[in-house]
file coords20.cif (mmCIF, C-alpha atoms and all ligand atoms)
data_protein
#
loop_
_atom_site.label_atom_id
_atom_site.label_comp_id
_atom_site.auth_asym_id
_atom_site.auth_seq_id
_atom_site.Cartn_x
_atom_site.Cartn_y
_atom_site.Cartn_z
CA MET A 1 -55.33 39.32 -33.35
CA ASN A 2 -53.35 39.43 -30.15
CA ASN A 3 -49.60 39.58 -29.98
CA PHE A 4 -48.02 36.18 -29.64
CA SER A 5 -44.58 34.74 -29.11
CA VAL A 6 -43.05 31.58 -30.45
CA PRO A 7 -41.15 29.10 -28.24
CA TYR A 8 -37.41 29.27 -28.71
CA GLU A 9 -36.99 25.52 -29.27
CA LEU A 10 -38.86 25.54 -32.58
CA SER A 11 -36.67 24.96 -35.61
CA LYS A 12 -35.23 27.91 -37.42
CA SER A 13 -37.27 27.61 -40.58
CA ILE A 14 -40.54 27.10 -38.74
CA ARG A 15 -39.92 30.10 -36.51
CA ALA A 16 -38.95 32.31 -39.41
CA SER A 17 -42.05 31.23 -41.30
CA ILE A 18 -44.31 31.91 -38.33
CA LEU A 19 -42.98 35.43 -38.52
CA ILE A 20 -45.09 35.91 -41.61
CA LEU A 21 -48.10 33.95 -40.45
CA ALA A 22 -49.08 36.65 -38.00
CA PRO A 23 -49.73 39.33 -40.59
CA LEU A 24 -51.18 36.74 -42.95
CA ILE A 25 -53.81 35.58 -40.50
CA SER A 26 -55.07 39.07 -39.98
CA ARG A 27 -54.25 42.13 -42.08
CA PHE A 28 -54.01 44.20 -38.99
CA GLY A 29 -52.24 41.58 -36.92
CA ARG A 30 -48.86 42.00 -35.32
CA GLY A 31 -46.56 39.09 -34.54
CA ASN A 32 -43.60 39.04 -32.19
CA ILE A 33 -40.91 36.38 -32.23
CA PHE A 34 -37.47 36.06 -30.78
CA PHE A 35 -34.67 35.24 -33.17
CA PRO A 36 -35.02 31.68 -34.46
CA GLY A 37 -33.16 28.83 -32.79
CA GLY A 38 -32.58 25.46 -34.44
CA CYS A 39 -29.34 23.54 -34.18
CA HIS A 40 -26.18 25.57 -33.58
CA ILE A 41 -24.56 24.39 -36.79
CA GLY A 42 -23.14 27.72 -37.84
CA GLU A 43 -24.67 31.12 -38.31
CA ARG A 44 -28.40 30.95 -38.90
CA PRO A 45 -29.29 34.38 -40.25
CA ILE A 46 -32.79 35.19 -41.52
CA ASP A 47 -31.86 38.29 -43.51
CA LEU A 48 -33.13 36.75 -46.75
CA HIS A 49 -36.56 36.08 -45.21
CA ILE A 50 -36.73 39.64 -43.90
CA GLU A 51 -35.54 41.25 -47.12
CA GLY A 52 -38.10 39.38 -49.24
CA LEU A 53 -41.00 39.97 -46.84
CA LYS A 54 -40.18 43.67 -46.53
CA ARG A 55 -40.35 43.99 -50.31
CA MET A 56 -43.88 42.56 -50.14
CA GLY A 57 -45.03 45.23 -47.71
CA ILE A 58 -44.45 43.54 -44.37
CA ASN A 59 -42.97 45.89 -41.84
CA ILE A 60 -40.37 44.22 -39.66
CA GLU A 61 -38.83 45.90 -36.64
CA ILE A 62 -35.93 44.40 -34.73
CA LYS A 63 -35.38 45.46 -31.14
CA LYS A 64 -33.39 43.68 -28.46
CA LYS A 65 -33.27 40.39 -30.39
CA LYS A 66 -37.05 40.51 -30.85
CA LEU A 67 -38.75 40.79 -34.22
CA THR A 68 -42.12 42.43 -34.67
CA ALA A 69 -43.91 41.99 -37.99
CA TYR A 70 -47.03 43.62 -39.37
CA ILE A 71 -48.48 44.69 -42.69
CA LYS A 72 -48.35 48.44 -43.16
CA LYS A 73 -50.92 48.78 -45.95
CA LYS A 74 -51.24 45.70 -48.14
CA LEU A 75 -49.33 42.55 -48.85
CA ILE A 76 -48.20 43.07 -52.44
CA GLY A 77 -46.81 40.61 -54.96
CA THR A 78 -43.47 41.52 -56.52
CA GLU A 79 -40.35 40.02 -58.12
CA ILE A 80 -37.83 38.78 -55.56
CA PHE A 81 -34.36 37.44 -56.30
CA ILE A 82 -33.07 35.44 -53.31
CA ASN A 83 -29.31 36.04 -53.22
CA LYS A 84 -28.38 32.69 -51.69
CA VAL A 85 -30.26 29.41 -52.07
CA SER A 86 -32.37 29.17 -48.91
CA VAL A 87 -35.10 26.66 -48.18
CA GLY A 88 -36.50 28.70 -45.29
CA ALA A 89 -36.54 32.03 -47.16
CA THR A 90 -38.16 30.43 -50.24
CA ILE A 91 -40.92 28.99 -48.03
CA SER A 92 -41.50 32.24 -46.12
CA ILE A 93 -41.84 34.31 -49.30
CA LEU A 94 -43.92 31.62 -51.02
CA MET A 95 -46.39 31.50 -48.15
CA ALA A 96 -46.72 35.27 -47.97
CA ALA A 97 -47.18 35.43 -51.75
CA THR A 98 -50.15 33.05 -51.75
CA LYS A 99 -52.30 35.79 -50.20
CA ALA A 100 -50.56 38.86 -51.57
CA LYS A 101 -52.21 41.13 -54.08
CA GLY A 102 -51.04 40.31 -57.62
CA ARG A 103 -48.19 38.16 -58.87
CA THR A 104 -44.97 37.25 -57.06
CA ILE A 105 -42.01 35.79 -58.91
CA ILE A 106 -39.33 34.16 -56.75
CA LYS A 107 -36.02 33.90 -58.59
CA ASN A 108 -33.15 31.67 -57.49
CA ALA A 109 -35.64 29.71 -55.38
CA ALA A 110 -34.54 26.58 -53.51
CA CYS A 111 -35.64 23.38 -55.28
CA GLU A 112 -35.92 20.98 -52.31
CA PRO A 113 -38.79 18.44 -52.51
CA GLU A 114 -40.26 19.97 -49.35
CA ILE A 115 -40.85 23.18 -51.34
CA VAL A 116 -42.77 21.24 -53.98
CA ASP A 117 -44.70 19.54 -51.17
CA ILE A 118 -45.68 22.74 -49.42
CA SER A 119 -46.72 24.24 -52.79
CA ASN A 120 -48.89 21.22 -53.61
CA PHE A 121 -50.49 21.56 -50.20
CA LEU A 122 -51.16 25.28 -50.63
CA ASN A 123 -52.50 24.71 -54.17
CA LEU A 124 -54.90 22.15 -52.77
CA MET A 125 -56.10 24.86 -50.39
CA GLY A 126 -56.72 27.21 -53.30
CA ALA A 127 -53.34 28.90 -53.82
CA LYS A 128 -52.02 29.45 -57.35
CA ILE A 129 -48.36 28.42 -57.35
CA LYS A 130 -46.43 27.30 -60.42
CA GLY A 131 -42.81 26.25 -60.89
CA ALA A 132 -42.09 24.86 -57.40
CA GLY A 133 -39.05 22.59 -57.62
CA THR A 134 -37.42 24.88 -60.20
CA LYS A 135 -35.32 28.03 -59.75
CA GLU A 136 -38.30 30.26 -60.59
CA ILE A 137 -41.61 30.09 -58.75
CA ARG A 138 -44.64 32.13 -59.86
CA ILE A 139 -47.47 32.82 -57.49
CA GLU A 140 -50.78 34.55 -58.20
CA GLY A 141 -52.14 35.83 -54.90
CA VAL A 142 -55.61 34.63 -53.86
CA LYS A 143 -58.02 36.14 -51.35
CA ILE A 144 -59.05 32.98 -49.58
CA LEU A 145 -57.40 29.68 -48.74
CA LYS A 146 -59.77 26.85 -47.91
CA GLY A 147 -59.19 23.75 -45.81
CA GLY A 148 -58.07 20.43 -47.23
CA GLU A 149 -56.55 17.07 -46.47
CA TYR A 150 -53.04 16.32 -47.62
CA LYS A 151 -50.52 13.56 -47.14
CA ILE A 152 -47.04 15.00 -46.67
CA LEU A 153 -43.86 13.60 -48.19
CA PRO A 154 -41.99 10.80 -46.48
CA ASP A 155 -38.97 12.09 -44.57
CA ARG A 156 -36.01 11.53 -46.92
CA ILE A 157 -33.47 12.21 -44.17
CA GLU A 158 -35.02 9.66 -41.83
CA THR A 159 -34.92 7.09 -44.65
CA GLY A 160 -31.28 7.95 -45.34
CA THR A 161 -30.37 7.66 -41.65
CA PHE A 162 -31.82 4.15 -41.37
CA LEU A 163 -30.07 3.08 -44.60
CA ILE A 164 -26.81 4.16 -42.95
CA ALA A 165 -27.73 2.16 -39.82
CA ALA A 166 -27.76 -1.01 -41.95
CA ALA A 167 -24.72 0.02 -44.02
CA ILE A 168 -22.46 0.42 -40.95
CA SER A 169 -23.62 -2.72 -39.15
CA LYS A 170 -22.99 -5.25 -41.93
CA GLY A 171 -26.75 -5.67 -41.96
CA SER A 172 -29.67 -5.26 -44.32
CA ILE A 173 -32.83 -3.17 -44.26
CA VAL A 174 -35.96 -2.53 -46.26
CA CYS A 175 -37.35 1.00 -45.83
CA LYS A 176 -41.03 1.01 -46.78
CA LYS A 177 -43.44 3.87 -47.52
CA THR A 178 -40.53 6.02 -48.70
CA ASP A 179 -39.74 7.60 -52.06
CA PRO A 180 -36.40 6.74 -53.73
CA THR A 181 -36.73 9.64 -56.18
CA LEU A 182 -36.17 12.03 -53.23
CA LEU A 183 -32.85 10.39 -52.37
CA LYS A 184 -31.16 10.15 -55.77
CA ASP A 185 -27.81 11.56 -54.69
CA VAL A 186 -27.81 9.70 -51.37
CA LEU A 187 -28.51 6.37 -53.12
CA PHE A 188 -25.87 7.14 -55.74
CA LYS A 189 -23.30 7.66 -52.99
CA LEU A 190 -24.45 4.56 -51.10
CA ARG A 191 -23.95 2.49 -54.28
CA GLN A 192 -20.45 3.95 -54.57
CA THR A 193 -19.66 2.35 -51.20
CA GLY A 194 -20.04 -0.99 -52.97
CA LEU A 195 -23.18 -1.98 -51.07
CA ASP A 196 -26.20 -3.54 -52.73
CA VAL A 197 -28.97 -0.95 -52.98
CA GLN A 198 -32.25 -1.76 -54.70
CA GLU A 199 -35.33 0.35 -55.05
CA GLY A 200 -39.00 0.11 -56.02
CA LYS A 201 -41.78 2.65 -56.29
CA ASN A 202 -42.05 3.27 -52.55
CA TRP A 203 -39.30 1.15 -50.99
CA ILE A 204 -35.52 0.97 -50.76
CA LYS A 205 -33.55 -2.10 -49.78
CA LEU A 206 -29.92 -2.04 -48.69
CA ASP A 207 -28.05 -5.29 -48.19
CA THR A 208 -24.39 -5.27 -47.17
CA HIS A 209 -24.07 -9.06 -47.61
CA GLU A 210 -21.94 -8.66 -44.47
CA LYS A 211 -19.37 -6.60 -46.40
CA ARG A 212 -17.60 -3.53 -45.04
CA PRO A 213 -18.47 -0.40 -47.08
CA LYS A 214 -15.84 1.52 -49.06
CA ALA A 215 -15.20 5.12 -47.99
CA ILE A 216 -16.52 7.85 -50.30
CA SER A 217 -15.73 11.54 -50.67
CA PHE A 218 -18.50 14.09 -51.16
CA LYS A 219 -19.51 17.69 -50.70
CA THR A 220 -22.83 19.01 -49.39
CA GLU A 221 -24.88 21.17 -51.72
CA PRO A 222 -28.42 22.52 -52.11
CA TYR A 223 -30.87 20.04 -53.64
CA PRO A 224 -30.47 18.06 -55.92
CA GLY A 225 -26.92 17.93 -54.53
CA PHE A 226 -25.90 15.92 -51.48
CA PRO A 227 -27.98 17.08 -48.47
CA THR A 228 -26.22 18.72 -45.54
CA ASP A 229 -28.63 16.80 -43.28
CA MET A 230 -27.00 13.51 -44.33
CA GLN A 231 -23.40 14.65 -43.90
CA SER A 232 -22.98 13.46 -40.29
CA GLN A 233 -24.39 10.00 -41.01
CA PHE A 234 -22.13 9.50 -44.05
CA THR A 235 -19.17 10.79 -42.05
CA LEU A 236 -19.90 8.04 -39.53
CA LEU A 237 -20.03 5.52 -42.38
CA ASN A 238 -16.66 6.77 -43.65
CA SER A 239 -15.19 6.43 -40.17
CA ILE A 240 -15.65 2.62 -40.23
CA ALA A 241 -15.33 2.10 -44.01
CA SER A 242 -12.28 0.82 -45.84
CA GLY A 243 -10.12 3.58 -47.29
CA ARG A 244 -9.77 7.33 -47.01
CA SER A 245 -12.28 10.09 -47.68
CA VAL A 246 -12.64 13.85 -47.80
CA VAL A 247 -15.93 15.49 -46.85
CA THR A 248 -16.64 19.15 -47.61
CA GLU A 249 -19.49 20.95 -45.82
CA THR A 250 -20.63 23.95 -47.85
CA ILE A 251 -23.95 24.82 -46.18
CA PHE A 252 -23.31 25.04 -42.40
CA LYS A 253 -19.71 25.45 -41.26
CA ASN A 254 -20.28 24.11 -37.78
CA ARG A 255 -21.74 20.77 -38.74
CA PHE A 256 -18.73 18.80 -37.51
CA MET A 257 -19.48 19.20 -33.80
CA PHE A 258 -19.96 15.48 -33.20
CA ILE A 259 -16.55 14.61 -34.64
CA PRO A 260 -14.48 15.06 -31.44
CA ASP A 261 -16.75 12.46 -29.80
CA LEU A 262 -16.43 10.14 -32.79
CA ILE A 263 -12.65 10.49 -32.52
CA ARG A 264 -12.86 9.57 -28.82
CA MET A 265 -14.71 6.44 -29.97
CA GLY A 266 -11.73 5.54 -32.15
CA ALA A 267 -12.37 7.26 -35.49
CA LYS A 268 -9.37 8.69 -37.36
CA ILE A 269 -10.52 12.06 -38.56
CA CYS A 270 -8.85 15.43 -38.88
CA ARG A 271 -10.57 18.69 -39.66
CA LYS A 272 -9.34 21.65 -41.69
CA GLY A 273 -11.91 24.44 -42.00
CA ASN A 274 -14.98 23.14 -43.75
CA GLN A 275 -13.33 19.84 -44.71
CA ILE A 276 -12.64 16.63 -42.87
CA PHE A 277 -10.15 13.97 -43.80
CA CYS A 278 -10.87 10.46 -42.62
CA LYS A 279 -9.12 7.11 -42.64
CA GLY A 280 -11.55 4.29 -41.93
CA VAL A 281 -11.01 2.07 -38.89
CA LYS A 282 -12.37 -1.43 -38.32
CA ARG A 283 -13.94 -0.83 -34.90
CA LEU A 284 -15.32 1.91 -32.73
CA VAL A 285 -15.28 1.75 -28.94
CA GLY A 286 -18.21 2.64 -26.69
CA LYS A 287 -17.84 5.94 -24.73
CA ARG A 288 -19.87 8.54 -22.92
CA VAL A 289 -20.62 11.22 -25.52
CA PHE A 290 -22.59 14.49 -25.73
CA ALA A 291 -24.85 15.27 -28.64
CA GLN A 292 -24.93 18.89 -29.78
CA ASP A 293 -27.18 18.88 -32.83
CA LEU A 294 -29.86 16.76 -34.45
CA ARG A 295 -27.97 14.83 -37.14
CA GLY A 296 -24.81 14.62 -35.03
CA ALA A 297 -26.94 13.14 -32.24
CA ALA A 298 -28.46 10.54 -34.56
CA SER A 299 -24.98 9.63 -35.83
CA LEU A 300 -23.61 9.21 -32.30
CA VAL A 301 -26.51 6.89 -31.46
CA LEU A 302 -25.77 4.82 -34.58
CA ALA A 303 -22.06 4.83 -33.69
CA GLY A 304 -23.00 3.50 -30.23
CA CYS A 305 -25.05 0.71 -31.83
CA ILE A 306 -22.00 -0.69 -33.63
CA ALA A 307 -19.25 0.19 -31.10
CA ASP A 308 -17.66 -2.38 -28.81
CA GLY A 309 -19.04 -2.07 -25.28
CA LYS A 310 -21.51 0.44 -23.97
CA THR A 311 -22.09 3.96 -25.30
CA THR A 312 -24.12 6.59 -23.47
CA VAL A 313 -25.30 9.51 -25.59
CA HIS A 314 -26.32 12.52 -23.50
CA ASN A 315 -28.53 15.35 -24.77
CA VAL A 316 -30.57 13.10 -27.06
CA LEU A 317 -33.45 15.58 -26.93
CA HIS A 318 -32.01 16.90 -30.20
CA ILE A 319 -33.10 13.66 -31.86
CA ASP A 320 -36.78 14.16 -31.01
CA ARG A 321 -36.91 17.14 -33.36
CA GLY A 322 -36.12 14.95 -36.35
CA TYR A 323 -36.98 11.33 -35.63
CA GLU A 324 -40.06 9.64 -34.23
CA ASN A 325 -39.29 6.72 -31.91
CA MET A 326 -35.78 6.28 -33.25
CA GLU A 327 -34.76 3.95 -30.44
CA LYS A 328 -37.83 1.75 -30.97
CA LYS A 329 -37.10 1.45 -34.69
CA LEU A 330 -33.43 0.65 -34.01
CA ARG A 331 -34.47 -1.99 -31.46
CA SER A 332 -36.66 -3.60 -34.12
CA LEU A 333 -33.52 -3.84 -36.28
CA GLY A 334 -31.67 -5.67 -33.50
CA ALA A 335 -29.93 -2.83 -31.65
CA ILE A 336 -29.66 -3.03 -27.87
CA ILE A 337 -30.72 0.46 -26.97
CA LYS A 338 -32.62 2.16 -24.19
CA LYS A 339 -33.74 5.79 -23.93
CA ARG A 340 -33.80 7.26 -20.45
CA SER A 341 -35.12 10.60 -19.35
CA PHE A 342 -32.73 13.00 -17.64
CA PHE A 343 -34.29 12.26 -14.26
CA GLU A 344 -34.17 8.44 -14.50
CA LYS A 345 -31.27 6.70 -12.83
C1 LIG B 401 -29.89 24.86 -49.01
C2 LIG B 401 -29.87 23.85 -47.91
O1 LIG B 401 -29.09 22.93 -47.93
N1 LIG B 401 -30.80 24.02 -46.96
C3 LIG B 401 -30.85 23.18 -45.79
C4 LIG B 401 -31.09 24.04 -44.56
O2 LIG B 401 -32.37 24.65 -44.66
P1 LIG B 401 -32.69 25.93 -43.75
O3 LIG B 401 -34.03 26.40 -44.20
O4 LIG B 401 -32.46 25.67 -42.31
O5 LIG B 401 -31.56 26.85 -44.14
P2 LIG B 401 -31.51 27.62 -45.49
O6 LIG B 401 -31.73 26.73 -46.67
O7 LIG B 401 -32.44 28.76 -45.31
O8 LIG B 401 -30.00 28.08 -45.43
C5 LIG B 401 -29.05 27.78 -46.45
C6 LIG B 401 -27.88 28.72 -46.29
O9 LIG B 401 -28.33 30.07 -46.44
C7 LIG B 401 -27.96 30.84 -45.30
N2 LIG B 401 -29.06 31.80 -45.04
C8 LIG B 401 -30.33 31.35 -44.83
C9 LIG B 401 -31.37 32.22 -44.57
C10 LIG B 401 -31.10 33.60 -44.55
O10 LIG B 401 -31.99 34.45 -44.35
N3 LIG B 401 -29.82 34.02 -44.75
C11 LIG B 401 -28.79 33.14 -45.01
O11 LIG B 401 -27.65 33.57 -45.20
C12 LIG B 401 -27.80 29.82 -44.18
O12 LIG B 401 -26.95 30.31 -43.16
C13 LIG B 401 -27.21 28.63 -44.91
O13 LIG B 401 -25.82 28.76 -45.09
O14 LIG B 401 -31.03 23.27 -43.41
C14 LIG B 401 -32.08 22.34 -43.32
C15 LIG B 401 -31.92 21.66 -41.99
O15 LIG B 401 -30.61 21.25 -41.81
C16 LIG B 401 -32.02 21.41 -44.55
O16 LIG B 401 -33.14 20.57 -44.54
C17 LIG B 401 -31.98 22.19 -45.87
O17 LIG B 401 -31.82 21.35 -47.00
C1 LIG B 402 -30.47 21.16 -38.41
C2 LIG B 402 -31.64 20.69 -38.72
O1 LIG B 402 -32.82 21.30 -38.44
P1 LIG B 402 -33.07 22.81 -37.94
O2 LIG B 402 -33.03 23.63 -39.18
O3 LIG B 402 -34.43 22.69 -37.37
O4 LIG B 402 -32.03 23.19 -36.93
C3 LIG B 402 -31.77 19.40 -39.43
O5 LIG B 402 -32.89 19.06 -39.85
O6 LIG B 402 -30.76 18.70 -39.60
#
call {"tool": "encode", "arguments": {"input": "coords20.cif", "output": "structure tokens", "more": "lines below"}}
Ligand SMILES: CC(=O)N[C@H]1[C@@H](OP(=O)(O)OP(=O)(O)OC[C@H]2O[C@@H](n3ccc(=O)[nH]c3=O)[C@H](O)[C@@H]2O)O[C@H](CO)[C@@H](O)[C@@H]1O
Ligand SMILES: C=C(OP(=O)(O)O)C(=O)O
result
Amino acid sequence: MNNFSVPYELSKSIRASILILAPLISRFGRGNIFFPGGCHIGERPIDLHIEGLKRMGINIEIKKKKLTAYIKKKLIGTEIFINKVSVGATISILMAATKAKGRTIIKNAACEPEIVDISNFLNLMGAKIKGAGTKEIRIEGVKILKGGEYKILPDRIETGTFLIAAAISKGSIVCKKTDPTLLKDVLFKLRQTGLDVQEGKNWIKLDTHEKRPKAISFKTEPYPGFPTDMQSQFTLLNSIASGRSVVTETIFKNRFMFIPDLIRMGAKICRKGNQIFCKGVKRLVGKRVFAQDLRGAASLVLAGCIADGKTTVHNVLHIDRGYENMEKKLRSLGAIIKKRSFFEK
């Protein structure tokens, strides 16, 4: 296999996982990647990926911000304790383990539904993975993975974002083809805002009955705790809700980058370290704002939808990494929104 490089724009987890695909595809392959990108929401180290993969026999050299990975002799199954809960590292090690020789046990694994999903997919292809979704995953390496067809999970963060769109606009929404069991904590918090949330097997309905939501305090945590990817959207909700709230971000310390713009739009928020303190206001005012990360970008767009006057959100390219046709979907809900390319006047 030839050397290859991975485009910088790819998300952090995907890039880190591709790091292991090179040696997996061919025993004698060698893969080069630059350090992963993703949103600049705090440090995004990949030491846990590297440590785990090294223990399985993957040689990783780091020179001038470039990583080169190859298998020295064999990919070998082993017991790996991941020091900090990491979705990306769990996935990297899990994927490598499917084709390693012998058994791999991942301890302190992340439990996110996406890990269960990827394991189900790999099992369908012939992998032998047990325990995904728990703290301990056991993998028996196999020689060959075959092809297969698989329907991936609905995007729980996209569902959550659209529920917030309705919650902040005194509106109502039915999200179809979703899975409420993936959003337990998010729905629990939404119910705490006093809004009417109902759910069925594959749908969720939120109806505000034109009521203003009540502010809620929360802290982000690994699954099944409150997802860091929903923090910005709930912070927006708090900014226009009745009452005060405290939000604590424990996963990525820089996930408050959209707040200065939200304050310019009229929100009353103050930040101290990894916490923000908010007093809800009745209205936001349209402004020209600059998105800096995916969920912050989505939240600024939603803020613009409910603000008085016109809001222009620059840098919306961040949104494309996480939402398909967001503006079209928002238009179908009644928002007046237009997406323009950088070069359009
Ligand atoms: C546990 C958690 O909430 N993970 C979220 C994280 O996954 P993502 O896979 O991006 O990040 P990880 O779960 O790997 O990171 C969780 C924490 O571990 C740290 N870390 C990670 C890898 C590593 O090698 N070394 C290290 O120290 C990170 O800096 C972070 O503080 O962001 C995604 C995108 O926003 C979310 O979908 C995931 O739910
Ligand atoms: C920050 C996110 O993604 P990434 O890890 O790709 O930067 C996100 O999904 O909110």
call {"tool": "closest_residue", "arguments": {"input": "coords20.cif", "among": "A:Leu153, A:Met56, A:Ala110, A:Leu75", "to": "ligand LIG 401 (chain B)", "atoms": "all atoms listed in the file"}}
result
A:Ala110
call {"tool": "axis_aligned_box", "arguments": {"input": "coords20.cif", "around": "ligand LIG 401 (chain B)", "padding_each_side": "8 Å", "output": "AutoDock Vina command-line options"}}
result
--center_x -29.9 --center_y 27.5 --center_z -45.4 --size_x 24.2 --size_y 29.9 --size_z 23.2
call {"tool": "residues_around", "arguments": {"input": "coords20.cif", "residues": "A:Gln198", "least_positions_apart": "2", "cutoff": "10 Å", "atoms": "all atoms listed in the file", "output": "PyMOL selection string"}}
result
chain A and resi 174+180+187+191+195-196+200+203-207
call {"tool": "residues_near_ligand", "arguments": {"input": "coords20.cif", "ligand": "ligand LIG 401 (chain B)", "cutoff": "6 Å", "atoms": "all atoms listed in the file", "output": "number ranges by chain"}}
result
A: 13, 43-49, 84-89, 221-222, 227-229, 251-252
call {"tool": "residues_around", "arguments": {"input": "coords20.cif", "residues": "A:Lys184", "least_positions_apart": "6", "cutoff": "10 Å", "atoms": "all atoms listed in the file", "output": "list of chain:residue names"}}
result
A:Leu190, A:Pro224, A:Gly225, A:Phe226
call {"tool": "residues_around", "arguments": {"input": "coords20.cif", "residues": "A:Ile337", "least_positions_apart": "5", "cutoff": "10 Å", "atoms": "only C-alpha atoms", "output": "ChimeraX atom specification"}}
result
/A:301,304-305,310-312,326-328,330-331
call {"tool": "atom_distance", "arguments": {"input": "coords20.cif", "atom1": "atom P1 of ligand LIG 402 (chain B)", "atom2": "atom CA of A:Gly42"}}
result
11.1 Å
call {"tool": "closest_residue", "arguments": {"input": "coords20.cif", "among": "A:Ile60, A:Ile41, A:Ile144, A:Ile93", "to": "ligand LIG 402 (chain B)", "atoms": "all atoms listed in the file"}}
result
A:Ile41
call {"tool": "closest_residue", "arguments": {"input": "coords20.cif", "among": "A:Arg30, A:Arg283, A:Met230, A:Ala132", "to": "A:Tyr70", "atoms": "only C-alpha atoms"}}
result
A:Arg30
call {"tool": "closest_residue", "arguments": {"input": "coords20.cif", "among": "A:Thr193, A:Gln231, A:Asn108, A:Thr208", "to": "ligand LIG 402 (chain B)", "atoms": "only C-alpha atoms and all ligand atoms"}}
result
A:Gln231
call {"tool": "atom_distance", "arguments": {"input": "coords20.cif", "atom1": "atom CA of A:Ile62", "atom2": "atom CA of A:Ile80"}}
result
21.7 Å
call {"tool": "closest_residue", "arguments": {"input": "coords20.cif", "among": "A:Thr181, A:Ser172, A:Thr68, A:Thr220", "to": "A:Arg156", "atoms": "all atoms listed in the file"}}
result
A:Thr181
call {"tool": "closest_residue", "arguments": {"input": "coords20.cif", "among": "A:His40, A:Gln275, A:Asn254, A:Gly171", "to": "ligand LIG 402 (chain B)", "atoms": "all atoms listed in the file"}}
result
A:His40
call {"tool": "atom_distance", "arguments": {"input": "coords20.cif", "atom1": "atom CA of A:Lys143", "atom2": "atom CA of A:Leu124"}}
result
14.4 Å
call {"tool": "residues_around", "arguments": {"input": "coords20.cif", "residues": "A:Phe35", "least_positions_apart": "2", "cutoff": "7 Å", "atoms": "all atoms listed in the file", "output": "ChimeraX atom specification"}}
result
/A:33,37,65-67
call {"tool": "residues_near_point", "arguments": {"input": "coords20.cif", "point": "(-12.8, 7.0, -26.8)", "cutoff": "12 Å", "atoms": "all atoms listed in the file", "output": "list in words"}}
result
Ile259, Pro260, Asp261, Leu262, Ile263, Arg264, Met265, Gly266, Ala267, Lys268, Arg283, Leu284, Val285, Gly286, Lys287, Arg288, Val289, Ala303, Gly304, Ala307, Asp308, Gly309, Lys310, Thr311 and Thr312 of chain A
call {"tool": "build_atoms", "arguments": {"input": "coords20.cif", "residues": "stretch 44-55 of chain A", "atoms": "N, CA and C atoms", "output": "JSON list (two decimals), in the coordinates of the input"}}
result
[["chain", "number", "residue", "atom", "x", "y", "z"],
["A", 44, "ARG", "N", -27.09, 31.26, -38.33],
["A", 44, "ARG", "CA", -28.40, 30.95, -38.90],
["A", 44, "ARG", "C", -29.18, 32.25, -39.11],
["A", 45, "PRO", "N", -28.64, 33.09, -40.03],
["A", 45, "PRO", "CA", -29.29, 34.38, -40.25],
["A", 45, "PRO", "C", -30.66, 34.21, -40.92],
["A", 46, "ILE", "N", -31.51, 35.22, -40.80],
["A", 46, "ILE", "CA", -32.79, 35.19, -41.52],
["A", 46, "ILE", "C", -32.97, 36.46, -42.36],
["A", 47, "ASP", "N", -31.81, 37.05, -42.73],
["A", 47, "ASP", "CA", -31.86, 38.29, -43.51],
["A", 47, "ASP", "C", -32.61, 38.12, -44.83],
["A", 48, "LEU", "N", -32.49, 36.95, -45.45],
["A", 48, "LEU", "CA", -33.13, 36.75, -46.75],
["A", 48, "LEU", "C", -34.65, 36.68, -46.61],
["A", 49, "HIS", "N", -35.11, 36.10, -45.49],
["A", 49, "HIS", "CA", -36.56, 36.08, -45.21],
["A", 49, "HIS", "C", -37.03, 37.53, -45.09],
["A", 50, "ILE", "N", -36.31, 38.28, -44.23],
["A", 50, "ILE", "CA", -36.73, 39.64, -43.90],
["A", 50, "ILE", "C", -36.74, 40.54, -45.13],
["A", 51, "GLU", "N", -35.65, 40.42, -45.91],
["A", 51, "GLU", "CA", -35.54, 41.25, -47.12],
["A", 51, "GLU", "C", -36.71, 41.01, -48.06],
["A", 52, "GLY", "N", -37.01, 39.74, -48.31],
["A", 52, "GLY", "CA", -38.10, 39.38, -49.24],
["A", 52, "GLY", "C", -39.44, 39.85, -48.71],
["A", 53, "LEU", "N", -39.70, 39.61, -47.42],
["A", 53, "LEU", "CA", -41.00, 39.97, -46.84],
["A", 53, "LEU", "C", -41.19, 41.49, -46.80],
["A", 54, "LYS", "N", -40.10, 42.19, -46.54],
["A", 54, "LYS", "CA", -40.18, 43.67, -46.53],
["A", 54, "LYS", "C", -40.61, 44.17, -47.90],
["A", 55, "ARG", "N", -40.03, 43.55, -48.94],
["A", 55, "ARG", "CA", -40.35, 43.99, -50.31],
["A", 55, "ARG", "C", -41.82, 43.74, -50.64]]
